[in-house]
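Novice: Below is the structure I would like to discuss, written out as structure tokens.
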Amino acid sequence: MQARTGLHSRFRRPPHPSGLSCSDCPAFIARVTGDDGLRERTAAEWSAMYGARIEPSDIDCIGCTVPGEPHIHHCGECDVRRCCTGRGLSICGFCGEYPGCGTIEAFLSIVPSARAALDAARAGEEGTGP
């Protein structure tokens with residue numbers, strides 16, 4: 001965990017529209033550090049967690065808020081990211097429909113720790129994500 005803390009401060013990214021911190025994401029960390037072991041462990045964990053086949057080569061991302069490639073596959077399907085982009089918002093917490101929007105509430109039922117960053121954004125604070 002110590003390496004992750006140092007990495008987080010050196011390669012900080014703004015929170016994903018959902019409130020997650022890209023800087024804490026194993027796909028981003030594996031990209032920045034070139035950690036193939038982390039890619040393998042994360043692919044196995046996410047495959048089991050999401051019931052999908054995820055290969056170590058899929059664990060490679062420059063950060064959800066950065067244009068271009070690579071991004072993890074789900075970025076292209078993410079309803080929260082698509083909604084925020086369509087509304088011109090950087091984070092869901094800035095939306096007039098937050099809290100209570102079905103899109104973000106469905107996501108938060110899976111990743112409740114992201115709510116703190118969204119609430120901080122809503123309150124005008126700088127949220128760092130879970």
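Labeling convention for the structure tokens: chains A, B, ... as they appear, residues from 1 per chain, ligands from 1 in order of appearance.
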Applying 7 Å and only C-alpha atoms, which residues near range 81-95 of chain A remain after dropping the ones on its own chain fewer than 6 positions away? List them as a PyMOL selection string.
Specialist: chain A and resi 16-19+118-119+121-122
Novice: Residues at most 9 Å from Asp58 in chain A, counting only C-alpha atoms, excluding those fewer than 6 positions away in the same chain, as an NGL selection string?
Specialist: :A and (27 or 39 or 43 or 71-73)
Novice: Between CA of Gly63 in chain A and CA of Cys22 in chain A, what is the spacing in Å?
Specialist: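 We find that CA of Cys22 in chain A and CA of Gly63 in chain A lie 5.5 Å from each other.
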Novice: Just to confirm, what's the straight-line distance from CA of Ile59 in chain A to CA of Pro26 in chain A in Å (one decimal)?
Specialist: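 The value is 7.6 Å.
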